Amino acid sequence: MKDKQKLVVLLVSLVLLILIVKFGYSYLSGSYNEIDNNISSTNMKEARDFTVYDEEGNKVNLSDFKGKKPVVVNIWASWCGPCKAEMPYFEDAIKKYGDQVEILMVNLTDGKRETKEKAIKFLKDNNLDMKVLFDEDLNAANTYTIMGIPRTIFIDINGKISYDREGLIDEDMLKTNIEKIIK
């Protein structure tokens, strides 16, 4: 009789475990898909403001550019392989479109894995000529719930998000989305 009770308890426990895993997976998948959909379907949502710092420590707000120029925000770090791969595209875009669009290269400066010094050294070592802003308070990262980098956000002159991409961006994608927000 005890063996049957143990078997019943074991089977009930197994069924409960399967149900918990199934519903937990469904719940977490739904949360992940919601985040993913927010990234890809942010078309024409208002860009949320954040504050970062220039190399001298001066505050720069995203809202400083609203109504003046469209903005491309690229959040990156020097240890990130895909970030490194797309840097030449951004340097070229800054040279080509710099008078028509503000390109904010926001370094994810956590003070540990990434520091201002590491970011500046990376740019110098790779002969990249661009101004960098530093997210030392992780304000931009928290405002946009950064789950992975690079992250590139295209914002029109009115402060509306046109396109938001997590992951590597290629040269054509960068060009196409810049041209879309400057028209």
# chains A, B, ... in the order shown; residues from 1 in each chain; ligands from 1

call {"tool": "select_by_dssp", "arguments": {"residues": "chain A", "states": "strand (DSSP E)", "output": "number ranges by chain"}}
result
A: 45-46, 51-53, 59-61, 71-76, 102-107, 132-134, 151-155, 160-166

call {"tool": "residues_around", "arguments": {"residues": "Tyr53 in chain A", "least_positions_apart": "2", "cutoff": "9 Å", "atoms": "only C-alpha atoms", "output": "PyMOL selection string"}}
result
chain A and resi 51+55-61+106+132-136

call {"tool": "write_last_selection", "arguments": {"atoms": "all heavy atoms", "output": "CSV table (one decimal), in the first residue's frame"}}
result
chain,number,residue,atom,x,y,z
A,51,THR,N,19.5,61.1,-20.0
A,51,THR,CA,20.6,61.9,-19.8
A,51,THR,C,21.9,61.1,-19.8
A,51,THR,O,22.0,60.1,-19.1
A,51,THR,CB,20.6,62.7,-18.4
A,51,THR,OG1,19.3,63.4,-18.4
A,51,THR,CG2,21.7,63.6,-18.2
A,55,GLU,N,32.5,63.8,-23.0
A,55,GLU,CA,33.8,63.5,-22.4
A,55,GLU,C,34.3,64.4,-21.3
A,55,GLU,O,35.0,64.0,-20.4
A,55,GLU,CB,34.9,63.5,-23.6
A,55,GLU,CG,36.1,62.7,-23.2
A,55,GLU,CD,37.0,62.5,-24.4
A,55,GLU,OE1,36.6,62.6,-25.6
A,55,GLU,OE2,38.2,62.4,-24.2
A,56,GLU,N,33.8,65.7,-21.3
A,56,GLU,CA,34.1,66.6,-20.2
A,56,GLU,C,33.2,66.5,-19.0
A,56,GLU,O,33.4,67.3,-18.1
A,56,GLU,CB,34.1,68.1,-20.8
A,56,GLU,CG,35.2,68.4,-21.8
A,56,GLU,CD,34.9,67.8,-23.2
A,56,GLU,OE1,33.7,67.8,-23.6
A,56,GLU,OE2,35.9,67.3,-23.8
A,57,GLY,N,32.2,65.6,-19.1
A,57,GLY,CA,31.3,65.5,-18.0
A,57,GLY,C,30.0,66.3,-18.0
A,57,GLY,O,29.3,66.3,-17.1
A,58,ASN,N,29.8,67.0,-19.1
A,58,ASN,CA,28.6,67.8,-19.3
A,58,ASN,C,27.4,67.0,-19.6
A,58,ASN,O,27.6,66.0,-20.4
A,58,ASN,CB,28.8,68.9,-20.4
A,58,ASN,CG,30.0,69.8,-20.1
A,58,ASN,OD1,30.1,70.4,-19.1
A,58,ASN,ND2,30.9,69.9,-21.1
A,59,LYS,N,26.3,67.3,-19.1
A,59,LYS,CA,25.1,66.6,-19.3
A,59,LYS,C,24.6,66.8,-20.8
A,59,LYS,O,24.6,67.9,-21.2
A,59,LYS,CB,23.9,66.9,-18.4
A,59,LYS,CG,24.1,66.4,-17.0
A,59,LYS,CD,22.9,66.8,-16.1
A,59,LYS,CE,23.1,66.3,-14.7
A,59,LYS,NZ,21.9,66.5,-13.9
A,60,VAL,N,24.1,65.7,-21.4
A,60,VAL,CA,23.5,65.8,-22.7
A,60,VAL,C,22.2,65.0,-22.6
A,60,VAL,O,22.2,63.8,-22.2
A,60,VAL,CB,24.4,65.2,-23.8
A,60,VAL,CG1,23.7,65.2,-25.1
A,60,VAL,CG2,25.7,65.9,-23.9
A,61,ASN,N,21.1,65.7,-22.9
A,61,ASN,CA,19.8,65.0,-22.9
A,61,ASN,C,19.3,64.7,-24.3
A,61,ASN,O,19.5,65.5,-25.2
A,61,ASN,CB,18.7,66.0,-22.2
A,61,ASN,CG,19.1,66.2,-20.8
A,61,ASN,OD1,19.3,65.3,-20.0
A,61,ASN,ND2,19.2,67.5,-20.4
A,106,VAL,N,26.3,56.3,-27.8
A,106,VAL,CA,26.2,56.3,-26.3
A,106,VAL,C,26.9,55.0,-25.8
A,106,VAL,O,26.5,53.9,-26.1
A,106,VAL,CB,24.7,56.3,-25.9
A,106,VAL,CG1,24.6,56.2,-24.4
A,106,VAL,CG2,24.1,57.6,-26.4
A,132,VAL,N,31.8,60.6,-28.4
A,132,VAL,CA,31.1,59.6,-27.7
A,132,VAL,C,30.5,60.2,-26.4
A,132,VAL,O,31.0,61.1,-25.8
A,132,VAL,CB,32.1,58.4,-27.2
A,132,VAL,CG1,31.4,57.4,-26.4
A,132,VAL,CG2,32.7,57.8,-28.4
A,133,LEU,N,29.3,59.7,-26.1
A,133,LEU,CA,28.6,60.1,-24.9
A,133,LEU,C,28.7,58.9,-23.9
A,133,LEU,O,28.7,57.7,-24.4
A,133,LEU,CB,27.2,60.5,-25.2
A,133,LEU,CG,27.1,61.7,-26.1
A,133,LEU,CD1,25.6,61.9,-26.5
A,133,LEU,CD2,27.6,63.0,-25.5
A,134,PHE,N,28.7,59.2,-22.6
A,134,PHE,CA,28.9,58.1,-21.7
A,134,PHE,C,27.6,58.0,-20.8
A,134,PHE,O,27.2,58.9,-20.1
A,134,PHE,CB,30.1,58.4,-20.8
A,134,PHE,CG,31.3,58.5,-21.7
A,134,PHE,CD1,31.8,59.7,-22.2
A,134,PHE,CD2,32.0,57.3,-22.1
A,134,PHE,CE1,32.9,59.8,-23.0
A,134,PHE,CE2,33.2,57.4,-22.9
A,134,PHE,CZ,33.6,58.6,-23.3
A,135,ASP,N,27.1,56.7,-20.8
A,135,ASP,CA,25.9,56.4,-19.9
A,135,ASP,C,26.4,56.0,-18.6
A,135,ASP,O,26.1,54.8,-18.2
A,135,ASP,CB,25.0,55.4,-20.7
A,135,ASP,CG,23.7,55.2,-20.1
A,135,ASP,OD1,23.3,56.1,-19.3
A,135,ASP,OD2,23.0,54.2,-20.4
A,136,GLU,N,27.0,56.9,-17.8
A,136,GLU,CA,27.6,56.5,-16.6
A,136,GLU,C,26.6,56.2,-15.5
A,136,GLU,O,26.9,55.4,-14.6
A,136,GLU,CB,28.5,57.7,-16.1
A,136,GLU,CG,29.7,57.9,-17.0
A,136,GLU,CD,30.6,59.1,-16.6
A,136,GLU,OE1,31.3,58.9,-15.6
A,136,GLU,OE2,30.5,60.1,-17.3

call {"tool": "residues_around", "arguments": {"residues": "Lys121 in chain A", "least_positions_apart": "6", "cutoff": "10 Å", "atoms": "only C-alpha atoms", "output": "PDB file with C-alpha atoms, in the first residue's frame"}}
result
ATOM      1  CA  SER A  78      34.082  48.363 -26.488  1.00  0.00           C
ATOM      2  CA  THR A 115      34.851  52.588 -18.500  1.00  0.00           C
ATOM      3  CA  ASN A 127      41.292  55.210 -35.638  1.00  0.00           C
TER       4      ASN A 127
END

call {"tool": "residues_around", "arguments": {"residues": "range 137-148 of chain A", "least_positions_apart": "2", "cutoff": "9 Å", "atoms": "only C-alpha atoms", "output": "compact mmCIF listing (two decimals) with N, CA and C atoms, in the first residue's frame"}}
result
# COMPACT_ATOMS: atom_id res chain seq x y z
N ILE A 35 8.50 42.29 -25.03
CA ILE A 35 9.68 43.14 -25.13
C ILE A 35 10.14 43.22 -26.58
N ARG A 48 11.59 58.35 -25.33
CA ARG A 48 11.70 58.72 -23.92
C ARG A 48 13.06 59.39 -23.69
N ASP A 49 13.05 60.45 -22.92
CA ASP A 49 14.25 61.23 -22.67
C ASP A 49 15.21 60.48 -21.75
N PHE A 50 16.48 60.76 -21.91
CA PHE A 50 17.51 60.24 -21.01
C PHE A 50 18.64 61.25 -20.94
N THR A 51 19.50 61.07 -19.95
CA THR A 51 20.65 61.95 -19.76
C THR A 51 21.92 61.12 -19.79
N VAL A 52 22.89 61.56 -20.58
CA VAL A 52 24.22 60.96 -20.65
C VAL A 52 25.23 62.10 -20.53
N ILE A 75 23.69 52.52 -28.81
CA ILE A 75 24.21 52.16 -27.49
C ILE A 75 25.15 50.98 -27.69
N VAL A 106 26.35 56.33 -27.76
CA VAL A 106 26.22 56.26 -26.30
C VAL A 106 26.91 55.00 -25.79
N LEU A 108 27.88 52.36 -23.09
CA LEU A 108 27.28 51.75 -21.90
C LEU A 108 28.36 51.65 -20.82
N THR A 109 28.58 52.75 -20.12
CA THR A 109 29.69 52.89 -19.18
C THR A 109 29.25 52.49 -17.78
N ASP A 110 29.46 51.22 -17.45
CA ASP A 110 29.04 50.74 -16.13
C ASP A 110 30.11 50.95 -15.06
N PHE A 134 28.68 59.16 -22.64
CA PHE A 134 28.86 58.09 -21.67
C PHE A 134 27.63 57.96 -20.78
N ASP A 135 27.08 56.75 -20.75
CA ASP A 135 25.89 56.45 -19.95
C ASP A 135 26.35 55.97 -18.57
N PRO A 150 24.65 45.73 -29.66
CA PRO A 150 24.29 47.12 -29.84
C PRO A 150 22.78 47.31 -29.95
N ARG A 151 22.37 48.51 -29.67
CA ARG A 151 20.97 48.91 -29.80
C ARG A 151 20.96 50.24 -30.53
N GLU A 166 17.64 46.05 -31.87
CA GLU A 166 18.61 45.43 -30.98
C GLU A 166 19.42 44.45 -31.81
N GLY A 167 20.74 44.60 -31.78
CA GLY A 167 21.61 43.72 -32.55
C GLY A 167 22.35 44.49 -33.63

call {"tool": "select_by_dssp", "arguments": {"residues": "range 29-182 of chain A", "states": "helix (DSSP H, G or I)", "output": "ChimeraX atom specification"}}
result
/A:29-40,62-65,81-97,116-125,139-143,171-182

call {"tool": "atom_distance", "arguments": {"atom1": "CA of Lys180 in chain A", "atom2": "CA of Asp92 in chain A"}}
result
17.1 Å

call {"tool": "closest_residue", "arguments": {"among": "A:Ala77, A:Ile181, A:Leu10, A:Ile120", "to": "Tyr97 in chain A", "atoms": "only C-alpha atoms"}}
result
A:Ile181

call {"tool": "residues_around", "arguments": {"residues": "range 62-66 of chain A", "least_positions_apart": "2", "cutoff": "6 Å", "atoms": "only C-alpha atoms", "output": "PDB file with N, CA and C atoms, in the first residue's frame"}}
result
ATOM      1  N   ASP A  49      13.045  60.446 -22.921  1.00  0.00           N
ATOM      2  CA  ASP A  49      14.249  61.228 -22.667  1.00  0.00           C
ATOM      3  C   ASP A  49      15.211  60.478 -21.750  1.00  0.00           C
ATOM      4  N   PHE A  50      16.484  60.755 -21.911  1.00  0.00           N
ATOM      5  CA  PHE A  50      17.512  60.237 -21.014  1.00  0.00           C
ATOM      6  C   PHE A  50      18.638  61.249 -20.939  1.00  0.00           C
ATOM      7  N   LYS A  68      14.940  70.036 -33.483  1.00  0.00           N
ATOM      8  CA  LYS A  68      16.124  70.617 -34.133  1.00  0.00           C
ATOM      9  C   LYS A  68      16.669  69.715 -35.225  1.00  0.00           C
ATOM     10  N   LYS A  69      16.839  68.431 -34.894  1.00  0.00           N
ATOM     11  CA  LYS A  69      17.402  67.466 -35.834  1.00  0.00           C
ATOM     12  C   LYS A  69      16.858  66.087 -35.509  1.00  0.00           C
ATOM     13  N   ILE A 157      12.571  64.184 -36.282  1.00  0.00           N
ATOM     14  CA  ILE A 157      12.773  65.529 -35.725  1.00  0.00           C
ATOM     15  C   ILE A 157      11.734  65.881 -34.663  1.00  0.00           C
ATOM     16  N   ASN A 158      10.566  65.229 -34.711  1.00  0.00           N
ATOM     17  CA  ASN A 158       9.502  65.483 -33.739  1.00  0.00           C
ATOM     18  C   ASN A 158       9.597  64.614 -32.496  1.00  0.00           C
ATOM     19  N   GLY A 159      10.651  63.817 -32.400  1.00  0.00           N
ATOM     20  CA  GLY A 159      10.849  62.987 -31.212  1.00  0.00           C
ATOM     21  C   GLY A 159      10.109  61.667 -31.246  1.00  0.00           C
TER      22      GLY A 159
END

call {"tool": "residues_around", "arguments": {"residues": "Leu168 in chain A", "least_positions_apart": "6", "cutoff": "12 Å", "atoms": "only C-alpha atoms", "output": "PyMOL selection string"}}
result
chain A and resi 74-76+80-87+89-90+148-152+174

call {"tool": "write_last_selection", "arguments": {"atoms": "N, CA and C atoms", "output": "compact mmCIF listing (two decimals), in the first residue's frame"}}
result
# COMPACT_ATOMS: atom_id res chain seq x y z
N ASN A 74 22.93 55.16 -30.79
CA ASN A 74 23.55 53.83 -30.84
C ASN A 74 24.16 53.57 -29.47
N ILE A 75 23.69 52.52 -28.81
CA ILE A 75 24.21 52.16 -27.49
C ILE A 75 25.15 50.98 -27.69
N TRP A 76 26.39 51.15 -27.21
CA TRP A 76 27.45 50.20 -27.51
C TRP A 76 28.44 50.09 -26.34
N CYS A 80 32.00 44.61 -26.92
CA CYS A 80 30.92 43.99 -27.70
C CYS A 80 31.36 43.79 -29.15
N GLY A 81 31.47 42.54 -29.58
CA GLY A 81 31.89 42.23 -30.95
C GLY A 81 31.03 42.87 -32.02
N PRO A 82 29.70 42.69 -31.98
CA PRO A 82 28.84 43.31 -32.99
C PRO A 82 28.93 44.85 -32.97
N CYS A 83 29.13 45.43 -31.78
CA CYS A 83 29.29 46.89 -31.69
C CYS A 83 30.52 47.32 -32.46
N LYS A 84 31.61 46.60 -32.26
CA LYS A 84 32.86 46.91 -32.95
C LYS A 84 32.68 46.79 -34.46
N ALA A 85 31.95 45.77 -34.89
CA ALA A 85 31.78 45.52 -36.33
C ALA A 85 31.02 46.66 -37.02
N GLU A 86 30.07 47.28 -36.33
CA GLU A 86 29.27 48.32 -36.97
C GLU A 86 29.84 49.73 -36.81
N MET A 87 30.87 49.89 -36.03
CA MET A 87 31.46 51.22 -35.80
C MET A 87 31.88 51.94 -37.09
N TYR A 89 30.55 51.82 -39.96
CA TYR A 89 29.33 52.29 -40.63
C TYR A 89 28.86 53.59 -39.99
N PHE A 90 28.94 53.64 -38.66
CA PHE A 90 28.52 54.86 -37.97
C PHE A 90 29.49 56.01 -38.25
N GLY A 148 20.30 43.86 -24.63
CA GLY A 148 21.45 43.45 -25.43
C GLY A 148 21.93 44.63 -26.25
N ILE A 149 23.21 44.58 -26.57
CA ILE A 149 23.79 45.63 -27.40
C ILE A 149 24.49 44.98 -28.58
N PRO A 150 24.65 45.73 -29.66
CA PRO A 150 24.29 47.12 -29.84
C PRO A 150 22.78 47.31 -29.95
N ARG A 151 22.37 48.51 -29.67
CA ARG A 151 20.97 48.91 -29.80
C ARG A 151 20.96 50.24 -30.53
N THR A 152 20.19 50.32 -31.59
CA THR A 152 20.14 51.54 -32.40
C THR A 152 18.70 51.99 -32.54
N LEU A 174 21.44 51.01 -41.85
CA LEU A 174 21.74 52.30 -41.24
C LEU A 174 21.40 53.44 -42.21

call {"tool": "atom_distance", "arguments": {"atom1": "CA of Lys95 in chain A", "atom2": "CA of Ile161 in chain A"}}
result
22.7 Å

call {"tool": "atom_distance", "arguments": {"atom1": "CA of Trp79 in chain A", "atom2": "CA of Phe122 in chain A"}}
result
9.1 Å

call {"tool": "closest_residue", "arguments": {"among": "A:Val73, A:Leu7, A:Ser13, A:Asp125", "to": "Arg165 in chain A", "atoms": "only C-alpha atoms"}}
result
A:Val73

call {"tool": "closest_residue", "arguments": {"among": "A:Asp3, A:Met44, A:Lys112, A:Val101", "to": "Lys183 in chain A", "atoms": "only C-alpha atoms"}}
result
A:Val101
